Every structure is written in structure tokens, then in C-alpha cells.
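Quick look at data09.cif (mmCIF, C-alpha atoms, pLDDT in the B column; chains and numbers go by the auth columns):
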```cif
data_model
#
loop_
_atom_site.group_PDB
_atom_site.id
_atom_site.type_symbol
_atom_site.label_atom_id
_atom_site.label_comp_id
_atom_site.label_asym_id
_atom_site.label_seq_id
_atom_site.Cartn_x
_atom_site.Cartn_y
_atom_site.Cartn_z
_atom_site.B_iso_or_equiv
_atom_site.auth_seq_id
_atom_site.auth_asym_id
ATOM 1 C CA MET A 1 111.024 83.032 188.321 65.00 902 A
ATOM 2 C CA ASP A 2 113.538 85.637 187.089 67.00 903 A
ATOM 3 C CA GLN A 3 116.065 82.912 186.396 72.00 904 A
ATOM 4 C CA LEU A 4 113.533 81.033 184.276 73.00 905 A
ATOM 5 C CA LEU A 5 112.965 84.170 182.203 70.00 906 A
ATOM 6 C CA LEU A 6 116.702 84.379 181.586 70.00 907 A
ATOM 7 C CA GLU A 7 116.900 80.730 180.570 69.00 908 A
ATOM 8 C CA ARG A 8 114.885 81.190 177.374 65.00 909 A
ATOM 9 C CA ASN A 9 111.607 79.819 178.681 72.00 910 A
ATOM 10 C CA SER A 10 108.208 80.924 177.425 73.00 911 A
ATOM 11 C CA LEU A 11 105.640 82.369 179.791 74.00 912 A
ATOM 12 C CA ARG A 12 103.581 79.219 179.366 77.00 913 A
ATOM 13 C CA SER A 13 106.463 76.928 180.349 78.00 914 A
ATOM 14 C CA ILE A 14 107.249 79.110 183.383 78.00 915 A
ATOM 15 C CA ALA A 15 103.605 78.889 184.433 79.00 916 A
ATOM 16 C CA CYS A 16 103.679 75.088 184.135 81.00 917 A
ATOM 17 C CA ALA A 17 106.962 74.765 186.041 80.00 918 A
ATOM 18 C CA THR A 18 106.117 77.125 188.893 82.00 919 A
ATOM 19 C CA GLY A 19 102.350 76.818 189.118 83.00 920 A
ATOM 20 C CA VAL A 20 102.039 80.607 188.889 83.00 921 A
ATOM 21 C CA VAL A 21 99.362 82.072 186.611 85.00 922 A
ATOM 22 C CA ARG A 22 100.632 83.651 183.362 80.00 923 A
ATOM 23 C CA ASN A 23 99.113 87.050 184.229 83.00 924 A
ATOM 24 C CA THR A 24 101.191 87.131 187.418 84.00 925 A
ATOM 25 C CA ILE A 25 104.319 86.288 185.431 79.00 926 A
ATOM 26 C CA THR A 26 103.506 89.040 182.929 79.00 927 A
ATOM 27 C CA LYS A 27 103.123 91.554 185.763 82.00 928 A
ATOM 28 C CA ARG A 28 106.489 90.425 187.150 78.00 929 A
ATOM 29 C CA VAL A 29 108.133 90.960 183.744 77.00 930 A
ATOM 30 C CA LYS A 30 106.677 94.480 183.516 78.00 931 A
ATOM 31 C CA LYS A 31 107.830 95.285 187.047 77.00 932 A
ATOM 32 C CA ALA A 32 111.368 94.025 186.385 74.00 933 A
ATOM 33 C CA ALA A 33 111.590 95.977 183.130 71.00 934 A
ATOM 34 C CA ALA A 34 110.337 99.160 184.805 74.00 935 A
ATOM 35 C CA SER A 35 113.146 99.127 187.375 71.00 936 A
ATOM 36 C CA ALA A 36 116.181 101.299 186.722 61.00 937 A
ATOM 37 C CA SER A 37 118.881 99.815 184.512 63.00 938 A
ATOM 38 C CA PRO A 38 122.387 99.520 185.967 55.00 939 A
ATOM 39 C CA LEU A 39 124.555 102.167 184.388 55.00 940 A
ATOM 40 C CA PRO A 40 127.992 101.215 183.081 53.00 941 A
ATOM 41 C CA HIS A 41 130.909 102.514 185.144 55.00 942 A
ATOM 42 C CA ARG A 42 132.837 105.408 183.697 50.00 943 A
ATOM 43 C CA ARG A 43 136.540 105.275 183.114 48.00 944 A
ATOM 44 C CA PRO A 44 138.704 107.876 184.875 50.00 945 A
ATOM 45 C CA LYS A 45 138.902 111.258 183.108 49.00 946 A
ATOM 46 C CA LYS A 46 142.669 110.893 182.438 46.00 947 A
ATOM 47 C CA ALA A 47 142.144 107.648 180.581 46.00 948 A
ATOM 48 C CA GLN A 48 139.327 109.214 178.560 46.00 949 A
ATOM 49 C CA ARG A 49 141.614 111.948 177.286 47.00 950 A
ATOM 50 C CA LYS A 50 144.434 109.587 176.325 46.00 951 A
ATOM 51 C CA GLN A 51 142.410 106.925 174.535 59.00 952 A
ATOM 52 C CA TRP A 52 139.482 106.962 172.154 66.00 953 A
ATOM 53 C CA GLU A 53 136.418 104.937 173.070 83.00 954 A
ATOM 54 C CA ALA A 54 135.394 102.155 170.714 91.00 955 A
ATOM 55 C CA LEU A 55 131.741 101.300 170.202 93.00 956 A
ATOM 56 C CA GLU A 56 130.468 98.440 168.095 94.00 957 A
ATOM 57 C CA LEU A 57 126.986 98.799 166.629 94.00 958 A
ATOM 58 C CA GLU A 58 124.732 96.137 165.180 93.00 959 A
ATOM 59 C CA GLU A 59 121.153 95.542 164.146 92.00 960 A
ATOM 60 C CA MET A 60 119.278 92.246 164.409 88.00 961 A
ATOM 61 C CA TRP A 61 115.730 91.328 163.471 87.00 962 A
ATOM 62 C CA THR A 62 113.212 89.502 165.596 84.00 963 A
ATOM 63 C CA PHE A 63 109.482 89.175 165.211 81.00 964 A
ATOM 64 C CA VAL A 64 106.483 90.088 167.330 83.00 965 A
ATOM 65 C CA GLY A 65 103.185 88.244 167.095 77.00 966 A
ATOM 66 C CA ARG A 66 103.838 86.629 163.728 75.00 967 A
ATOM 67 C CA LYS A 67 106.786 86.176 161.407 72.00 968 A
ATOM 68 C CA LYS A 68 105.680 88.897 158.995 77.00 969 A
ATOM 69 C CA ARG A 69 106.017 91.570 161.714 81.00 970 A
ATOM 70 C CA LYS A 70 109.770 92.089 161.901 84.00 971 A
ATOM 71 C CA VAL A 71 111.179 94.315 164.619 88.00 972 A
ATOM 72 C CA TRP A 72 114.825 95.345 164.536 91.00 973 A
ATOM 73 C CA ARG A 73 116.900 95.561 167.696 91.00 974 A
ATOM 74 C CA TRP A 74 119.805 98.026 167.424 94.00 975 A
ATOM 75 C CA LEU A 75 122.631 97.659 169.920 94.00 976 A
ATOM 76 C CA ALA A 76 125.678 99.758 170.911 95.00 977 A
ATOM 77 C CA VAL A 77 128.382 97.921 172.886 94.00 978 A
ATOM 78 C CA GLU A 78 131.536 99.375 174.423 92.00 979 A
ATOM 79 C CA ARG A 79 134.353 97.207 173.143 89.00 980 A
ATOM 80 C CA ALA A 80 136.692 97.432 176.145 87.00 981 A
ATOM 81 C CA SER A 81 134.175 96.539 178.846 87.00 982 A
ATOM 82 C CA ARG A 82 131.585 94.657 176.718 90.00 983 A
ATOM 83 C CA ARG A 83 128.825 96.721 178.305 91.00 984 A
ATOM 84 C CA ILE A 84 125.680 97.556 176.390 93.00 985 A
ATOM 85 C CA VAL A 85 125.506 101.341 176.541 93.00 986 A
ATOM 86 C CA ALA A 86 122.361 101.854 174.423 94.00 987 A
ATOM 87 C CA TRP A 87 119.732 99.886 172.512 94.00 988 A
ATOM 88 C CA VAL A 88 116.451 100.570 170.717 95.00 989 A
ATOM 89 C CA LEU A 89 113.718 98.663 168.910 93.00 990 A
ATOM 90 C CA GLY A 90 112.280 99.785 165.595 92.00 991 A
ATOM 91 C CA SER A 91 112.659 99.438 161.863 92.00 992 A
ATOM 92 C CA ARG A 92 115.906 98.982 159.963 91.00 993 A
ATOM 93 C CA GLY A 93 115.859 102.564 158.700 91.00 994 A
ATOM 94 C CA THR A 94 117.798 105.689 159.489 94.00 995 A
ATOM 95 C CA ALA A 95 115.160 107.000 161.935 95.00 996 A
ATOM 96 C CA THR A 96 115.723 104.112 164.361 95.00 997 A
ATOM 97 C CA LEU A 97 119.500 104.509 164.140 95.00 998 A
ATOM 98 C CA GLN A 98 118.995 108.210 164.880 95.00 999 A
ATOM 99 C CA ARG A 99 117.064 107.174 168.018 95.00 1000 A
ATOM 100 C CA LEU A 100 120.011 104.933 168.999 95.00 1001 A
ATOM 101 C CA TRP A 101 122.364 107.883 168.476 94.00 1002 A
ATOM 102 C CA GLN A 102 120.193 110.001 170.792 94.00 1003 A
ATOM 103 C CA ALA A 103 120.098 107.172 173.370 93.00 1004 A
ATOM 104 C CA LEU A 104 123.911 107.066 173.577 92.00 1005 A
ATOM 105 C CA PRO A 105 125.340 108.808 176.637 89.00 1006 A
ATOM 106 C CA ARG A 106 126.912 112.153 175.713 87.00 1007 A
ATOM 107 C CA ARG A 107 130.480 110.956 176.312 85.00 1008 A
ATOM 108 C CA TYR A 108 130.142 108.388 173.501 89.00 1009 A
ATOM 109 C CA ARG A 109 129.368 111.045 170.903 85.00 1010 A
ATOM 110 C CA ARG A 110 132.853 112.595 171.055 82.00 1011 A
ATOM 111 C CA TYR A 111 136.238 110.908 170.784 83.00 1012 A
ATOM 112 C CA THR A 112 134.655 107.600 169.856 90.00 1013 A
ATOM 113 C CA ARG A 113 135.235 105.255 166.933 92.00 1014 A
ATOM 114 C CA TYR A 114 132.185 103.407 165.687 94.00 1015 A
ATOM 115 C CA PHE A 115 132.685 99.929 164.221 95.00 1016 A
ATOM 116 C CA THR A 116 129.801 98.658 162.087 94.00 1017 A
ATOM 117 C CA ASP A 117 128.919 96.391 159.222 92.00 1018 A
ATOM 118 C CA PRO A 118 128.409 97.984 155.775 91.00 1019 A
ATOM 119 C CA TRP A 119 124.676 98.796 156.177 90.00 1020 A
ATOM 120 C CA ARG A 120 123.949 102.161 154.505 91.00 1021 A
ATOM 121 C CA ALA A 121 122.077 103.727 157.456 92.00 1022 A
ATOM 122 C CA TYR A 122 125.276 103.861 159.509 93.00 1023 A
ATOM 123 C CA ALA A 123 126.985 106.124 156.966 93.00 1024 A
ATOM 124 C CA GLN A 124 124.026 108.522 157.070 94.00 1025 A
ATOM 125 C CA VAL A 125 123.947 108.969 160.868 94.00 1026 A
ATOM 126 C CA LEU A 126 127.443 108.352 162.263 94.00 1027 A
ATOM 127 C CA PRO A 127 130.256 110.923 161.821 92.00 1028 A
ATOM 128 C CA ALA A 128 132.292 109.921 158.769 91.00 1029 A
ATOM 129 C CA GLN A 129 135.716 110.599 160.334 92.00 1030 A
ATOM 130 C CA ALA A 130 135.033 108.204 163.233 92.00 1031 A
ATOM 131 C CA HIS A 131 133.114 105.490 161.366 92.00 1032 A
ATOM 132 C CA VAL A 132 134.985 102.244 160.598 93.00 1033 A
ATOM 133 C CA VAL A 133 133.214 99.742 158.317 93.00 1034 A
ATOM 134 C CA GLY A 134 133.974 96.029 158.333 88.00 1035 A
ATOM 135 C CA LYS A 135 132.821 92.798 159.924 81.00 1036 A
ATOM 136 C CA MET A 136 136.207 92.296 161.632 82.00 1037 A
ATOM 137 C CA GLY A 137 135.474 95.303 163.846 86.00 1038 A
ATOM 138 C CA THR A 138 132.197 93.890 165.152 90.00 1039 A
ATOM 139 C CA ARG A 139 133.345 90.688 166.799 91.00 1040 A
ATOM 140 C CA VAL A 140 132.405 91.744 170.344 92.00 1041 A
ATOM 141 C CA VAL A 141 128.864 92.791 169.453 92.00 1042 A
ATOM 142 C CA GLU A 142 128.346 89.642 167.354 91.00 1043 A
ATOM 143 C CA ALA A 143 129.386 87.460 170.299 90.00 1044 A
ATOM 144 C CA LEU A 144 127.123 89.443 172.604 91.00 1045 A
ATOM 145 C CA THR A 145 124.205 88.965 170.216 88.00 1046 A
ATOM 146 C CA GLY A 146 124.713 85.210 170.483 87.00 1047 A
ATOM 147 C CA LYS A 147 124.721 85.471 174.278 88.00 1048 A
ATOM 148 C CA LEU A 148 121.510 87.520 174.267 86.00 1049 A
ATOM 149 C CA ARG A 149 119.868 84.996 171.935 84.00 1050 A
ATOM 150 C CA HIS A 150 120.839 82.268 174.371 82.00 1051 A
ATOM 151 C CA ARG A 151 119.438 84.213 177.327 80.00 1052 A
ATOM 152 C CA CYS A 152 116.243 85.641 175.827 79.00 1053 A
ATOM 153 C CA GLY A 153 113.752 83.369 174.077 73.00 1054 A
ATOM 154 C CA ALA A 154 112.154 86.367 172.357 73.00 1055 A
ATOM 155 C CA LEU A 155 115.345 86.843 170.291 76.00 1056 A
ATOM 156 C CA VAL A 156 115.516 83.293 168.967 74.00 1057 A
ATOM 157 C CA ARG A 157 114.152 83.195 165.441 66.00 1058 A
ATOM 158 C CA ARG A 158 112.840 79.617 165.477 65.00 1059 A
ATOM 159 C CA SER A 159 111.322 79.568 168.905 59.00 1060 A
ATOM 160 C CA GLY A 160 107.942 78.980 170.400 57.00 1061 A
ATOM 161 C CA ALA A 161 108.768 81.616 173.010 60.00 1062 A
ATOM 162 C CA PHE A 162 108.156 84.712 170.922 66.00 1063 A
ATOM 163 C CA SER A 163 106.353 87.788 172.232 73.00 1064 A
ATOM 164 C CA LYS A 164 102.785 88.520 171.267 78.00 1065 A
ATOM 165 C CA CYS A 165 102.971 92.283 171.770 82.00 1066 A
ATOM 166 C CA ARG A 166 105.734 94.842 171.358 84.00 1067 A
ATOM 167 C CA ASN A 167 105.740 95.951 175.020 85.00 1068 A
ATOM 168 C CA SER A 168 106.260 92.390 176.203 83.00 1069 A
ATOM 169 C CA HIS A 169 109.029 91.988 173.614 84.00 1070 A
ATOM 170 C CA TYR A 170 110.745 95.152 174.851 86.00 1071 A
ATOM 171 C CA ASN A 171 110.421 94.092 178.503 85.00 1072 A
ATOM 172 C CA ARG A 172 111.923 90.636 177.967 84.00 1073 A
ATOM 173 C CA ILE A 173 114.874 92.036 176.008 87.00 1074 A
ATOM 174 C CA LYS A 174 115.421 94.727 178.671 89.00 1075 A
ATOM 175 C CA ILE A 175 115.580 92.094 181.407 86.00 1076 A
ATOM 176 C CA ALA A 176 118.260 90.151 179.474 86.00 1077 A
ATOM 177 C CA ILE A 177 120.284 93.312 178.739 89.00 1078 A
ATOM 178 C CA ASP A 178 120.072 94.534 182.343 88.00 1079 A
ATOM 179 C CA GLN A 179 121.212 91.128 183.578 86.00 1080 A
ATOM 180 C CA HIS A 180 124.175 91.199 181.163 89.00 1081 A
ATOM 181 C CA ASN A 181 125.208 94.704 182.297 88.00 1082 A
ATOM 182 C CA LEU A 182 124.845 93.656 185.942 86.00 1083 A
ATOM 183 C CA GLU A 183 127.107 90.626 185.406 85.00 1084 A
ATOM 184 C CA ILE A 184 129.721 92.819 183.715 81.00 1085 A
ATOM 185 C CA THR A 185 129.547 95.440 186.506 73.00 1086 A
ATOM 186 C CA LEU A 186 130.004 92.850 189.254 68.00 1087 A
ATOM 187 C CA LYS A 187 133.199 91.400 187.728 58.00 1088 A
#
```
Hey, can you dump this file as C-alpha cells for me?
Amino acid sequence: MDQLLLERNSLRSIACATGVVRNTITKRVKKAAASASPLPHRRPKKAQRKQWEALELEEMWTFVGRKKRKVWRWLAVERASRRIVAWVLGSRGTATLQRLWQALPRRYRRYTRYFTDPWRAYAQVLPAQAHVVGKMGTRVVEALTGKLRHRCGALVRRSGAFSKCRNSHYNRIKIAIDQHNLEITLK
């Protein structure tokens, strides 16, 4: 059933394919999302001192319930390892980016360069001396967004597999992100 969730299927299609009731599938999604996320491995301390970290940040909209209810997913990806180190759901404003900043592990707040697109909220929250603006610096996070859209039906804009409530939306995205981080950790 977990594999079907990662293959962009709706809860209804999973219920039809497996014969399991949708409420049971929903409980399974909540249980999987409640489990601890795999943490990215740290680099050795020597390497941290010699080289600056590079994080790519991006925002992407999805919708919950109906198309007029946009929810923005903010993502922070470590460029070298392609691991997702933090993510939040919210609006496209500065407050949600501030929540992403707080969600970043402490080591990513110092000696880190932040590569973003030219959205004005980034300039208000990120340190100016470490902030690099330009679409060429966000290639890794853009590719990862495409992978997450492929894996999670809730992120596809023209899909019948959208979430009806925000908690379900969060849980389905968390499962896809945890699976991505697990694949990266195992390599």
C-alpha cells in the first residue's frame, strides 16, 4: 500500500486496487507520517570548516480541497547531497519563510550560502551576505520538485488525487519527502 501512495495514486484508486477501505488507508497515511523522519547524515567537522554549505530554497503552490485554496510548500535542499533538510506548508509570505528558517537545523544557519529565485520574501529573511539570487542556482531544487510531483499526487496541479484537508495534504507530502531522504541516505 505504501508503494501505491508513492506512485501518485488517489486514496480511492488504492482502495479499488487493494480492496482495503479508504478509512483504513487514511489511518495508514497518518501512521506513516507520524513516524520519525530520517535525518540527513552530517559531514565530518573538518569538511564543514573548509567548505561552505549550499542550500537551495524554493516555494511551490498546491491546492487543498478546491483550486481557490492555494497552499505553498517551501523547501530547503542541500545541494551536495540533494537531501531535503527542511520544509513547511503555508502562505507565500514572509511568515512562512520565517518558519522554514526556524525549521532549518542550526548548522545550516551559519557558513551557508542560500540560492533562491528573486522572490522578495527571501531578501527579507535570509542574511544578505550569504544570499545568492538567480534561477541558475536553483537547478537541484527544481529537479527535486519535479521528482516530488511525480511521486506525490497531491503536488500535481491537474490531478484528481488532491487532498481534501490540510492534514492529509501534509501527511502525503511528508511520506514522499521521507522516502526521498531515505533513498538518498541508503546510496
Could you list, as a JSON list (two decimals) with C-alpha atoms, in the coordinates of the input, every residue matched by the PyMOL selection byres ((chain A and resi 1064) around 6) in this structure?
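Below is the file selection.json, written as the result:
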```json
[["chain", "number", "residue", "atom", "x", "y", "z"],
["A", 965, "VAL", "CA", 106.48, 90.09, 167.33],
["A", 1055, "ALA", "CA", 112.15, 86.37, 172.36],
["A", 1063, "PHE", "CA", 108.16, 84.71, 170.92],
["A", 1065, "LYS", "CA", 102.78, 88.52, 171.27],
["A", 1066, "CYS", "CA", 102.97, 92.28, 171.77],
["A", 1070, "HIS", "CA", 109.03, 91.99, 173.61]]
```
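In this comparison, which uses only C-alpha atoms, the residue of A:Arg1000, A:Arg974, A:Arg980, A:Arg913 approaching Arg1067 of chain A most closely is A:Arg974.
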Selection result for the PyMOL selection byres ((chain A and resi 1039) around 12) on this file, as JSON, numbers by chain: {"A": [955, 956, 957, 958, 959, 960, 976, 977, 978, 979, 980, 983, 1014, 1015, 1016, 1017, 1018, 1019, 1033, 1034, 1035, 1036, 1037, 1038, 1040, 1041, 1042, 1043, 1044, 1045, 1046]}
Taking C-alpha atoms for each residue, export the selection above as a PDB file, keeping the file's coordinate frame.
```pdb
ATOM      1  CA  ALA A 955     135.394 102.155 170.714  1.00 91.00           C
ATOM      2  CA  LEU A 956     131.741 101.300 170.202  1.00 93.00           C
ATOM      3  CA  GLU A 957     130.468  98.440 168.095  1.00 94.00           C
ATOM      4  CA  LEU A 958     126.986  98.799 166.629  1.00 94.00           C
ATOM      5  CA  GLU A 959     124.732  96.137 165.180  1.00 93.00           C
ATOM      6  CA  GLU A 960     121.153  95.542 164.146  1.00 92.00           C
ATOM      7  CA  LEU A 976     122.631  97.659 169.920  1.00 94.00           C
ATOM      8  CA  ALA A 977     125.678  99.758 170.911  1.00 95.00           C
ATOM      9  CA  VAL A 978     128.382  97.921 172.886  1.00 94.00           C
ATOM     10  CA  GLU A 979     131.536  99.375 174.423  1.00 92.00           C
ATOM     11  CA  ARG A 980     134.353  97.207 173.143  1.00 89.00           C
ATOM     12  CA  ARG A 983     131.585  94.657 176.718  1.00 90.00           C
ATOM     13  CA  ARG A1014     135.235 105.255 166.933  1.00 92.00           C
ATOM     14  CA  TYR A1015     132.185 103.407 165.687  1.00 94.00           C
ATOM     15  CA  PHE A1016     132.685  99.929 164.221  1.00 95.00           C
ATOM     16  CA  THR A1017     129.801  98.658 162.087  1.00 94.00           C
ATOM     17  CA  ASP A1018     128.919  96.391 159.222  1.00 92.00           C
ATOM     18  CA  PRO A1019     128.409  97.984 155.775  1.00 91.00           C
ATOM     19  CA  VAL A1033     134.985 102.244 160.598  1.00 93.00           C
ATOM     20  CA  VAL A1034     133.214  99.742 158.317  1.00 93.00           C
ATOM     21  CA  GLY A1035     133.974  96.029 158.333  1.00 88.00           C
ATOM     22  CA  LYS A1036     132.821  92.798 159.924  1.00 81.00           C
ATOM     23  CA  MET A1037     136.207  92.296 161.632  1.00 82.00           C
ATOM     24  CA  GLY A1038     135.474  95.303 163.846  1.00 86.00           C
ATOM     25  CA  ARG A1040     133.345  90.688 166.799  1.00 91.00           C
ATOM     26  CA  VAL A1041     132.405  91.744 170.344  1.00 92.00           C
ATOM     27  CA  VAL A1042     128.864  92.791 169.453  1.00 92.00           C
ATOM     28  CA  GLU A1043     128.346  89.642 167.354  1.00 91.00           C
ATOM     29  CA  ALA A1044     129.386  87.460 170.299  1.00 90.00           C
ATOM     30  CA  LEU A1045     127.123  89.443 172.604  1.00 91.00           C
ATOM     31  CA  THR A1046     124.205  88.965 170.216  1.00 88.00           C
TER      32      THR A1046
END
```
Selection near Asn1082 of chain A, 7 Å with all atoms listed in the file, sequence-local residues under 2 positions removed, as a PyMOL selection string: chain A and resi 939+984-985+1078-1080+1084-1086
With C-alpha atoms retained, could you export that selection as a compact mmCIF listing (two decimals), in the coordinates of the input?
```txt
# COMPACT_ATOMS: atom_id res chain seq x y z
CA PRO A 939 122.39 99.52 185.97
CA ARG A 984 128.82 96.72 178.30
CA ILE A 985 125.68 97.56 176.39
CA ILE A 1078 120.28 93.31 178.74
CA ASP A 1079 120.07 94.53 182.34
CA GLN A 1080 121.21 91.13 183.58
CA GLU A 1084 127.11 90.63 185.41
CA ILE A 1085 129.72 92.82 183.72
CA THR A 1086 129.55 95.44 186.51
```
Atom CA of Leu990 of chain A to atom CA of Trp973 of chain A, straight-line distance in Å: 5.6 Å
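Here atom CA of Trp1020 of chain A and atom CA of Arg970 of chain A stand 20.8 Å from one another.
For the atom pair formed by atom CA of Lys932 of chain A and atom CA of Asn1068 of chain A, the distance is 12.2 Å, given to one decimal.
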